[in-house]
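Structure below is structure-v3.pdb: PDB, N, CA and C atoms and all ligand atoms.
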```pdb
ATOM      1  N   MET A   1      80.210  19.977 -82.326  1.00  0.00           N
ATOM      2  CA  MET A   1      79.827  20.790 -81.166  1.00  0.00           C
ATOM      3  C   MET A   1      80.074  20.011 -79.880  1.00  0.00           C
ATOM      4  N   ASN A   2      80.817  20.579 -79.021  1.00  0.00           N
ATOM      5  CA  ASN A   2      81.061  19.976 -77.726  1.00  0.00           C
ATOM      6  C   ASN A   2      80.548  20.929 -76.645  1.00  0.00           C
ATOM      7  N   VAL A   3      79.412  20.564 -76.141  1.00  0.00           N
ATOM      8  CA  VAL A   3      78.806  21.435 -75.127  1.00  0.00           C
ATOM      9  C   VAL A   3      79.054  20.840 -73.740  1.00  0.00           C
ATOM     10  N   THR A   4      79.785  21.573 -72.950  1.00  0.00           N
ATOM     11  CA  THR A   4      80.052  21.143 -71.589  1.00  0.00           C
ATOM     12  C   THR A   4      79.116  21.879 -70.638  1.00  0.00           C
ATOM     13  N   GLY A   5      78.289  21.116 -70.011  1.00  0.00           N
ATOM     14  CA  GLY A   5      77.361  21.746 -69.081  1.00  0.00           C
ATOM     15  C   GLY A   5      77.882  21.725 -67.669  1.00  0.00           C
ATOM     16  N   THR A   6      78.003  22.893 -67.116  1.00  0.00           N
ATOM     17  CA  THR A   6      78.417  22.989 -65.720  1.00  0.00           C
ATOM     18  C   THR A   6      77.241  23.521 -64.911  1.00  0.00           C
ATOM     19  N   VAL A   7      76.767  22.717 -64.028  1.00  0.00           N
ATOM     20  CA  VAL A   7      75.629  23.134 -63.216  1.00  0.00           C
ATOM     21  C   VAL A   7      76.132  23.868 -61.980  1.00  0.00           C
ATOM     22  N   THR A   8      75.800  25.137 -61.946  1.00  0.00           N
ATOM     23  CA  THR A   8      76.195  25.945 -60.795  1.00  0.00           C
ATOM     24  C   THR A   8      74.948  26.307 -59.995  1.00  0.00           C
ATOM     25  N   PRO A   9      74.929  25.947 -58.762  1.00  0.00           N
ATOM     26  CA  PRO A   9      73.773  26.332 -57.943  1.00  0.00           C
ATOM     27  C   PRO A   9      73.649  27.844 -57.873  1.00  0.00           C
ATOM     28  N   THR A  10      72.458  28.321 -58.039  1.00  0.00           N
ATOM     29  CA  THR A  10      72.262  29.758 -58.011  1.00  0.00           C
ATOM     30  C   THR A  10      72.053  30.230 -56.582  1.00  0.00           C
ATOM     31  N   ALA A  11      73.142  30.522 -55.936  1.00  0.00           N
ATOM     32  CA  ALA A  11      73.062  31.070 -54.581  1.00  0.00           C
ATOM     33  C   ALA A  11      72.740  32.552 -54.673  1.00  0.00           C
ATOM     34  N   PRO A  12      71.935  33.034 -53.769  1.00  0.00           N
ATOM     35  CA  PRO A  12      71.612  34.462 -53.786  1.00  0.00           C
ATOM     36  C   PRO A  12      72.873  35.295 -53.636  1.00  0.00           C
ATOM     37  N   ALA A  13      73.087  36.186 -54.567  1.00  0.00           N
ATOM     38  CA  ALA A  13      74.265  37.033 -54.495  1.00  0.00           C
ATOM     39  C   ALA A  13      74.076  38.084 -53.412  1.00  0.00           C
ATOM     40  N   THR A  14      75.174  38.594 -52.956  1.00  0.00           N
ATOM     41  CA  THR A  14      75.100  39.666 -51.977  1.00  0.00           C
ATOM     42  C   THR A  14      74.529  40.907 -52.640  1.00  0.00           C
ATOM     43  N   LEU A  15      73.654  41.553 -51.941  1.00  0.00           N
ATOM     44  CA  LEU A  15      73.033  42.751 -52.487  1.00  0.00           C
ATOM     45  C   LEU A  15      74.074  43.853 -52.656  1.00  0.00           C
ATOM     46  N   THR A  16      73.913  44.602 -53.730  1.00  0.00           N
ATOM     47  CA  THR A  16      74.842  45.698 -54.000  1.00  0.00           C
ATOM     48  C   THR A  16      74.070  47.007 -54.115  1.00  0.00           C
ATOM     49  N   ASN A  17      74.805  48.056 -54.339  1.00  0.00           N
ATOM     50  CA  ASN A  17      74.163  49.360 -54.511  1.00  0.00           C
ATOM     51  C   ASN A  17      73.247  49.388 -55.724  1.00  0.00           C
ATOM     52  N   ALA A  18      73.496  48.475 -56.658  1.00  0.00           N
ATOM     53  CA  ALA A  18      72.691  48.450 -57.873  1.00  0.00           C
ATOM     54  C   ALA A  18      71.345  47.769 -57.660  1.00  0.00           C
ATOM     55  N   ASP A  19      71.220  47.050 -56.546  1.00  0.00           N
ATOM     56  CA  ASP A  19      69.956  46.372 -56.263  1.00  0.00           C
ATOM     57  C   ASP A  19      68.990  47.351 -55.616  1.00  0.00           C
ATOM     58  N   ARG A  20      67.806  47.410 -56.189  1.00  0.00           N
ATOM     59  CA  ARG A  20      66.835  48.407 -55.756  1.00  0.00           C
ATOM     60  C   ARG A  20      65.555  47.741 -55.278  1.00  0.00           C
ATOM     61  N   CYS A  21      64.924  48.370 -54.305  1.00  0.00           N
ATOM     62  CA  CYS A  21      63.643  47.905 -53.807  1.00  0.00           C
ATOM     63  C   CYS A  21      62.631  47.865 -54.949  1.00  0.00           C
ATOM     64  N   ASP A  22      61.892  46.762 -55.042  1.00  0.00           N
ATOM     65  CA  ASP A  22      60.919  46.617 -56.111  1.00  0.00           C
ATOM     66  C   ASP A  22      59.718  47.538 -55.928  1.00  0.00           C
ATOM     67  N   ARG A  23      59.567  48.083 -54.760  1.00  0.00           N
ATOM     68  CA  ARG A  23      58.405  48.927 -54.486  1.00  0.00           C
ATOM     69  C   ARG A  23      58.715  50.410 -54.616  1.00  0.00           C
ATOM     70  N   CYS A  24      59.848  50.833 -54.104  1.00  0.00           N
ATOM     71  CA  CYS A  24      60.089  52.280 -54.053  1.00  0.00           C
ATOM     72  C   CYS A  24      61.396  52.702 -54.719  1.00  0.00           C
ATOM     73  N   GLY A  25      62.253  51.753 -55.070  1.00  0.00           N
ATOM     74  CA  GLY A  25      63.482  52.109 -55.764  1.00  0.00           C
ATOM     75  C   GLY A  25      64.630  52.475 -54.848  1.00  0.00           C
ATOM     76  N   ALA A  26      64.411  52.392 -53.546  1.00  0.00           N
ATOM     77  CA  ALA A  26      65.518  52.634 -52.611  1.00  0.00           C
ATOM     78  C   ALA A  26      66.482  51.454 -52.664  1.00  0.00           C
ATOM     79  N   GLN A  27      67.645  51.616 -52.065  1.00  0.00           N
ATOM     80  CA  GLN A  27      68.616  50.520 -52.077  1.00  0.00           C
ATOM     81  C   GLN A  27      68.030  49.310 -51.370  1.00  0.00           C
ATOM     82  N   ALA A  28      68.158  48.156 -52.026  1.00  0.00           N
ATOM     83  CA  ALA A  28      67.592  46.928 -51.474  1.00  0.00           C
ATOM     84  C   ALA A  28      68.395  46.448 -50.280  1.00  0.00           C
ATOM     85  N   ARG A  29      67.699  45.996 -49.260  1.00  0.00           N
ATOM     86  CA  ARG A  29      68.336  45.461 -48.058  1.00  0.00           C
ATOM     87  C   ARG A  29      67.979  43.995 -47.849  1.00  0.00           C
ATOM     88  N   VAL A  30      66.870  43.565 -48.454  1.00  0.00           N
ATOM     89  CA  VAL A  30      66.369  42.221 -48.216  1.00  0.00           C
ATOM     90  C   VAL A  30      66.016  41.570 -49.546  1.00  0.00           C
ATOM     91  N   ARG A  31      66.482  40.324 -49.721  1.00  0.00           N
ATOM     92  CA  ARG A  31      66.118  39.555 -50.904  1.00  0.00           C
ATOM     93  C   ARG A  31      65.150  38.467 -50.462  1.00  0.00           C
ATOM     94  N   VAL A  32      64.004  38.442 -51.109  1.00  0.00           N
ATOM     95  CA  VAL A  32      63.000  37.433 -50.814  1.00  0.00           C
ATOM     96  C   VAL A  32      62.912  36.486 -52.008  1.00  0.00           C
ATOM     97  N   VAL A  33      63.246  35.225 -51.770  1.00  0.00           N
ATOM     98  CA  VAL A  33      63.217  34.244 -52.847  1.00  0.00           C
ATOM     99  C   VAL A  33      61.885  33.507 -52.797  1.00  0.00           C
ATOM    100  N   LEU A  34      61.110  33.680 -53.848  1.00  0.00           N
ATOM    101  CA  LEU A  34      59.827  32.997 -53.973  1.00  0.00           C
ATOM    102  C   LEU A  34      59.930  31.946 -55.063  1.00  0.00           C
ATOM    103  N   ALA A  35      58.979  31.044 -55.109  1.00  0.00           N
ATOM    104  CA  ALA A  35      58.965  30.022 -56.153  1.00  0.00           C
ATOM    105  C   ALA A  35      58.869  30.663 -57.526  1.00  0.00           C
ATOM    106  N   SER A  36      58.259  31.833 -57.593  1.00  0.00           N
ATOM    107  CA  SER A  36      58.058  32.509 -58.875  1.00  0.00           C
ATOM    108  C   SER A  36      59.204  33.446 -59.227  1.00  0.00           C
ATOM    109  N   GLY A  37      60.138  33.654 -58.299  1.00  0.00           N
ATOM    110  CA  GLY A  37      61.256  34.542 -58.575  1.00  0.00           C
ATOM    111  C   GLY A  37      61.662  35.314 -57.346  1.00  0.00           C
ATOM    112  N   ASP A  38      62.619  36.211 -57.541  1.00  0.00           N
ATOM    113  CA  ASP A  38      63.122  36.984 -56.410  1.00  0.00           C
ATOM    114  C   ASP A  38      62.420  38.331 -56.312  1.00  0.00           C
ATOM    115  N   LEU A  39      62.296  38.798 -55.088  1.00  0.00           N
ATOM    116  CA  LEU A  39      61.856  40.161 -54.857  1.00  0.00           C
ATOM    117  C   LEU A  39      62.912  40.849 -54.007  1.00  0.00           C
ATOM    118  N   LEU A  40      63.128  42.119 -54.280  1.00  0.00           N
ATOM    119  CA  LEU A  40      64.070  42.896 -53.476  1.00  0.00           C
ATOM    120  C   LEU A  40      63.306  44.001 -52.776  1.00  0.00           C
ATOM    121  N   PHE A  41      63.631  44.183 -51.524  1.00  0.00           N
ATOM    122  CA  PHE A  41      62.953  45.232 -50.768  1.00  0.00           C
ATOM    123  C   PHE A  41      63.965  46.045 -49.974  1.00  0.00           C
ATOM    124  N   CYS A  42      63.646  47.307 -49.778  1.00  0.00           N
ATOM    125  CA  CYS A  42      64.380  48.095 -48.803  1.00  0.00           C
ATOM    126  C   CYS A  42      63.937  47.629 -47.415  1.00  0.00           C
ATOM    127  N   ALA A  43      64.593  48.127 -46.390  1.00  0.00           N
ATOM    128  CA  ALA A  43      64.268  47.680 -45.031  1.00  0.00           C
ATOM    129  C   ALA A  43      62.820  48.005 -44.691  1.00  0.00           C
ATOM    130  N   HIS A  44      62.367  49.172 -45.122  1.00  0.00           N
ATOM    131  CA  HIS A  44      61.003  49.595 -44.819  1.00  0.00           C
ATOM    132  C   HIS A  44      59.969  48.657 -45.437  1.00  0.00           C
ATOM    133  N   HIS A  45      60.135  48.375 -46.729  1.00  0.00           N
ATOM    134  CA  HIS A  45      59.150  47.533 -47.394  1.00  0.00           C
ATOM    135  C   HIS A  45      59.298  46.063 -47.022  1.00  0.00           C
ATOM    136  N   ALA A  46      60.490  45.640 -46.655  1.00  0.00           N
ATOM    137  CA  ALA A  46      60.655  44.265 -46.181  1.00  0.00           C
ATOM    138  C   ALA A  46      59.812  44.046 -44.931  1.00  0.00           C
ATOM    139  N   LYS A  47      59.860  45.014 -44.047  1.00  0.00           N
ATOM    140  CA  LYS A  47      59.041  44.931 -42.833  1.00  0.00           C
ATOM    141  C   LYS A  47      57.556  44.959 -43.184  1.00  0.00           C
ATOM    142  N   ALA A  48      57.217  45.806 -44.132  1.00  0.00           N
ATOM    143  CA  ALA A  48      55.815  45.978 -44.488  1.00  0.00           C
ATOM    144  C   ALA A  48      55.226  44.711 -45.112  1.00  0.00           C
ATOM    145  N   TYR A  49      56.033  44.008 -45.904  1.00  0.00           N
ATOM    146  CA  TYR A  49      55.524  42.841 -46.626  1.00  0.00           C
ATOM    147  C   TYR A  49      55.842  41.516 -45.940  1.00  0.00           C
ATOM    148  N   GLU A  50      56.660  41.561 -44.906  1.00  0.00           N
ATOM    149  CA  GLU A  50      57.084  40.324 -44.266  1.00  0.00           C
ATOM    150  C   GLU A  50      55.907  39.457 -43.786  1.00  0.00           C
ATOM    151  N   PRO A  51      54.908  40.033 -43.138  1.00  0.00           N
ATOM    152  CA  PRO A  51      53.797  39.183 -42.660  1.00  0.00           C
ATOM    153  C   PRO A  51      53.096  38.432 -43.793  1.00  0.00           C
ATOM    154  N   ASN A  52      53.040  39.046 -44.978  1.00  0.00           N
ATOM    155  CA  ASN A  52      52.349  38.421 -46.109  1.00  0.00           C
ATOM    156  C   ASN A  52      53.230  37.437 -46.865  1.00  0.00           C
ATOM    157  N   LEU A  53      54.543  37.699 -46.863  1.00  0.00           N
ATOM    158  CA  LEU A  53      55.433  36.925 -47.728  1.00  0.00           C
ATOM    159  C   LEU A  53      56.200  35.822 -47.006  1.00  0.00           C
ATOM    160  N   ARG A  54      56.310  35.938 -45.700  1.00  0.00           N
ATOM    161  CA  ARG A  54      57.138  34.976 -44.960  1.00  0.00           C
ATOM    162  C   ARG A  54      56.739  33.519 -45.233  1.00  0.00           C
ATOM    163  N   ASP A  55      55.452  33.266 -45.255  1.00  0.00           N
ATOM    164  CA  ASP A  55      54.989  31.884 -45.403  1.00  0.00           C
ATOM    165  C   ASP A  55      55.324  31.304 -46.772  1.00  0.00           C
ATOM    166  N   SER A  56      55.282  32.143 -47.801  1.00  0.00           N
ATOM    167  CA  SER A  56      55.506  31.637 -49.149  1.00  0.00           C
ATOM    168  C   SER A  56      56.955  31.787 -49.591  1.00  0.00           C
ATOM    169  N   ALA A  57      57.765  32.495 -48.807  1.00  0.00           N
ATOM    170  CA  ALA A  57      59.159  32.711 -49.181  1.00  0.00           C
ATOM    171  C   ALA A  57      59.976  31.439 -48.986  1.00  0.00           C
ATOM    172  N   LEU A  58      60.763  31.111 -49.998  1.00  0.00           N
ATOM    173  CA  LEU A  58      61.685  29.977 -49.881  1.00  0.00           C
ATOM    174  C   LEU A  58      62.908  30.394 -49.063  1.00  0.00           C
ATOM    175  N   GLN A  59      63.323  31.629 -49.289  1.00  0.00           N
ATOM    176  CA  GLN A  59      64.434  32.179 -48.508  1.00  0.00           C
ATOM    177  C   GLN A  59      64.125  33.632 -48.179  1.00  0.00           C
ATOM    178  N   TRP A  60      64.594  34.027 -47.024  1.00  0.00           N
ATOM    179  CA  TRP A  60      64.446  35.430 -46.620  1.00  0.00           C
ATOM    180  C   TRP A  60      65.838  35.900 -46.223  1.00  0.00           C
ATOM    181  N   VAL A  61      66.471  36.620 -47.132  1.00  0.00           N
ATOM    182  CA  VAL A  61      67.854  37.016 -46.909  1.00  0.00           C
ATOM    183  C   VAL A  61      67.901  38.484 -46.503  1.00  0.00           C
ATOM    184  N   ASP A  62      68.081  38.706 -45.236  1.00  0.00           N
ATOM    185  CA  ASP A  62      68.139  40.076 -44.725  1.00  0.00           C
ATOM    186  C   ASP A  62      69.586  40.503 -44.599  1.00  0.00           C
ATOM    187  N   GLU A  63      69.997  41.401 -45.458  1.00  0.00           N
ATOM    188  CA  GLU A  63      71.390  41.854 -45.450  1.00  0.00           C
ATOM    189  C   GLU A  63      71.507  43.255 -44.890  1.00  0.00           C
ATOM    190  N   SER A  64      70.480  43.720 -44.237  1.00  0.00           N
ATOM    191  CA  SER A  64      70.507  45.099 -43.752  1.00  0.00           C
ATOM    192  C   SER A  64      71.630  45.321 -42.748  1.00  0.00           C
ATOM    193  N   ALA A  65      71.922  44.299 -41.947  1.00  0.00           N
ATOM    194  CA  ALA A  65      72.966  44.456 -40.931  1.00  0.00           C
ATOM    195  C   ALA A  65      74.337  44.633 -41.566  1.00  0.00           C
ATOM    196  N   GLN A  66      74.538  43.960 -42.731  1.00  0.00           N
ATOM    197  CA  GLN A  66      75.846  44.015 -43.375  1.00  0.00           C
ATOM    198  C   GLN A  66      76.110  45.366 -44.010  1.00  0.00           C
ATOM    199  N   LEU A  67      75.065  46.120 -44.258  1.00  0.00           N
ATOM    200  CA  LEU A  67      75.224  47.359 -44.994  1.00  0.00           C
ATOM    201  C   LEU A  67      75.406  48.560 -44.082  1.00  0.00           C
ATOM    202  N   VAL A  68      75.277  48.333 -42.803  1.00  0.00           N
ATOM    203  CA  VAL A  68      75.432  49.446 -41.865  1.00  0.00           C
ATOM    204  C   VAL A  68      76.836  50.013 -41.943  1.00  0.00           C
ATOM    205  N   ASP A  69      77.816  49.104 -42.067  1.00  0.00           N
ATOM    206  CA  ASP A  69      79.208  49.536 -42.105  1.00  0.00           C
ATOM    207  C   ASP A  69      79.549  50.293 -43.385  1.00  0.00           C
ATOM    208  N   ALA A  70      78.714  50.112 -44.398  1.00  0.00           N
ATOM    209  CA  ALA A  70      78.996  50.755 -45.672  1.00  0.00           C
ATOM    210  C   ALA A  70      78.639  52.236 -45.641  1.00  0.00           C
ATOM    211  N   VAL A  71      77.867  52.628 -44.666  1.00  0.00           N
ATOM    212  CA  VAL A  71      77.479  54.039 -44.559  1.00  0.00           C
ATOM    213  C   VAL A  71      78.654  54.845 -44.028  1.00  0.00           C
ATOM    214  N   GLU A  72      79.060  55.795 -44.810  1.00  0.00           N
ATOM    215  CA  GLU A  72      80.197  56.597 -44.409  1.00  0.00           C
ATOM    216  C   GLU A  72      79.735  57.716 -43.477  1.00  0.00           C
ATOM    217  N   THR A  73      80.418  57.809 -42.383  1.00  0.00           N
ATOM    218  CA  THR A  73      80.124  58.876 -41.454  1.00  0.00           C
ATOM    219  C   THR A  73      81.337  59.779 -41.350  1.00  0.00           C
ATOM    220  N   THR A  74      81.126  61.014 -41.634  1.00  0.00           N
ATOM    221  CA  THR A  74      82.222  61.973 -41.561  1.00  0.00           C
ATOM    222  C   THR A  74      82.133  62.734 -40.239  1.00  0.00           C
ATOM    223  N   VAL A  75      83.193  62.606 -39.491  1.00  0.00           N
ATOM    224  CA  VAL A  75      83.230  63.303 -38.196  1.00  0.00           C
ATOM    225  C   VAL A  75      84.092  64.553 -38.344  1.00  0.00           C
ATOM    226  N   GLU A  76      83.456  65.667 -38.164  1.00  0.00           N
ATOM    227  CA  GLU A  76      84.206  66.929 -38.239  1.00  0.00           C
ATOM    228  C   GLU A  76      85.091  67.080 -37.012  1.00  0.00           C
ATOM    229  N   PRO A  77      86.323  67.466 -37.217  1.00  0.00           N
ATOM    230  CA  PRO A  77      87.224  67.642 -36.064  1.00  0.00           C
ATOM    231  C   PRO A  77      86.819  68.839 -35.212  1.00  0.00           C
TER     232      PRO A  77
HETATM  233 ZN    ZN B 101      61.053  50.198 -50.561  1.00  0.00          ZN
END
```
What does the file become when written as structure tokens?
Amino acid sequence: MNVTGTVTPTAPATLTNADRCDRCGAQARVRVVLASGDLLFCAHHAKAYEPNLRDSALQWVDESAQLVDAVETTVEP
């Protein structure tokens, strides 16, 4: 047995459509990295929980700005 261990730092991945808010199931906009694990929140719940979680969060990754462009707007001629 030859086991090659490659240590890859676990960087927070970019949120996708598959990532859902842990509270309401809406598309996640914010990833909160805690010592106990990650939490995903929509923009609404991120704001709601930010005062309580900011101090204990190791990382607060707000990707809401990046997702604005993903919203398709159809302009009728
Ligand atoms: Zn939510």
*asked:* as a PyMOL selection string, please: every protein or nucleic acid residue near ligand ZN 101 (chain B) (cut-off 8 Å, counting all atoms listed in the file).
replied: chain A and resi 20-29+40-46
Given the file shown, determine the residues that the PyMOL selection byres (((chain A and resi 49-62) around 6) and not hetatm) selects; report them as a PDB file with N, CA and C atoms, keeping the file's coordinate frame.
```pdb
ATOM      1  N   ARG A  29      67.699  45.996 -49.260  1.00  0.00           N
ATOM      2  CA  ARG A  29      68.336  45.461 -48.058  1.00  0.00           C
ATOM      3  C   ARG A  29      67.979  43.995 -47.849  1.00  0.00           C
ATOM      4  N   VAL A  30      66.870  43.565 -48.454  1.00  0.00           N
ATOM      5  CA  VAL A  30      66.369  42.221 -48.216  1.00  0.00           C
ATOM      6  C   VAL A  30      66.016  41.570 -49.546  1.00  0.00           C
ATOM      7  N   ARG A  31      66.482  40.324 -49.721  1.00  0.00           N
ATOM      8  CA  ARG A  31      66.118  39.555 -50.904  1.00  0.00           C
ATOM      9  C   ARG A  31      65.150  38.467 -50.462  1.00  0.00           C
ATOM     10  N   VAL A  32      64.004  38.442 -51.109  1.00  0.00           N
ATOM     11  CA  VAL A  32      63.000  37.433 -50.814  1.00  0.00           C
ATOM     12  C   VAL A  32      62.912  36.486 -52.008  1.00  0.00           C
ATOM     13  N   VAL A  33      63.246  35.225 -51.770  1.00  0.00           N
ATOM     14  CA  VAL A  33      63.217  34.244 -52.847  1.00  0.00           C
ATOM     15  C   VAL A  33      61.885  33.507 -52.797  1.00  0.00           C
ATOM     16  N   LEU A  34      61.110  33.680 -53.848  1.00  0.00           N
ATOM     17  CA  LEU A  34      59.827  32.997 -53.973  1.00  0.00           C
ATOM     18  C   LEU A  34      59.930  31.946 -55.063  1.00  0.00           C
ATOM     19  N   ALA A  35      58.979  31.044 -55.109  1.00  0.00           N
ATOM     20  CA  ALA A  35      58.965  30.022 -56.153  1.00  0.00           C
ATOM     21  C   ALA A  35      58.869  30.663 -57.526  1.00  0.00           C
ATOM     22  N   HIS A  45      60.135  48.375 -46.729  1.00  0.00           N
ATOM     23  CA  HIS A  45      59.150  47.533 -47.394  1.00  0.00           C
ATOM     24  C   HIS A  45      59.298  46.063 -47.022  1.00  0.00           C
ATOM     25  N   ALA A  46      60.490  45.640 -46.655  1.00  0.00           N
ATOM     26  CA  ALA A  46      60.655  44.265 -46.181  1.00  0.00           C
ATOM     27  C   ALA A  46      59.812  44.046 -44.931  1.00  0.00           C
ATOM     28  N   LYS A  47      59.860  45.014 -44.047  1.00  0.00           N
ATOM     29  CA  LYS A  47      59.041  44.931 -42.833  1.00  0.00           C
ATOM     30  C   LYS A  47      57.556  44.959 -43.184  1.00  0.00           C
ATOM     31  N   ALA A  48      57.217  45.806 -44.132  1.00  0.00           N
ATOM     32  CA  ALA A  48      55.815  45.978 -44.488  1.00  0.00           C
ATOM     33  C   ALA A  48      55.226  44.711 -45.112  1.00  0.00           C
ATOM     34  N   GLU A  63      69.997  41.401 -45.458  1.00  0.00           N
ATOM     35  CA  GLU A  63      71.390  41.854 -45.450  1.00  0.00           C
ATOM     36  C   GLU A  63      71.507  43.255 -44.890  1.00  0.00           C
ATOM     37  N   SER A  64      70.480  43.720 -44.237  1.00  0.00           N
ATOM     38  CA  SER A  64      70.507  45.099 -43.752  1.00  0.00           C
ATOM     39  C   SER A  64      71.630  45.321 -42.748  1.00  0.00           C
ATOM     40  N   ALA A  65      71.922  44.299 -41.947  1.00  0.00           N
ATOM     41  CA  ALA A  65      72.966  44.456 -40.931  1.00  0.00           C
ATOM     42  C   ALA A  65      74.337  44.633 -41.566  1.00  0.00           C
TER      43      ALA A  65
END
```
_Please compute the atom N of Ser36 (chain A)-CA of Asp19 (chain A) distance, one decimal, in Å._
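Straight-line distance from atom N of Ser36 (chain A) to CA of Asp19 (chain A) works out to 18.7 Å.
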_Separation of atom N of Leu39 (chain A) from atom N of Leu15 (chain A), in Å and rounded to one decimal_ =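 Calculated distance between atom N of Leu39 (chain A) and atom N of Leu15 (chain A) is 12.1 Å.
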_As an exercise, work out the distance from atom N of Pro77 (chain A) to CA of Asn17 (chain A) in Å and give it to one decimal place._
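CA of Asn17 (chain A) lies at a distance of 27.8 Å from atom N of Pro77 (chain A).
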*asked:* as a PyMOL selection string, please: every residue in region 4-68 of chain A that DSSP puts in alpha helix (DSSP H).
replied: chain A and resi 43-53
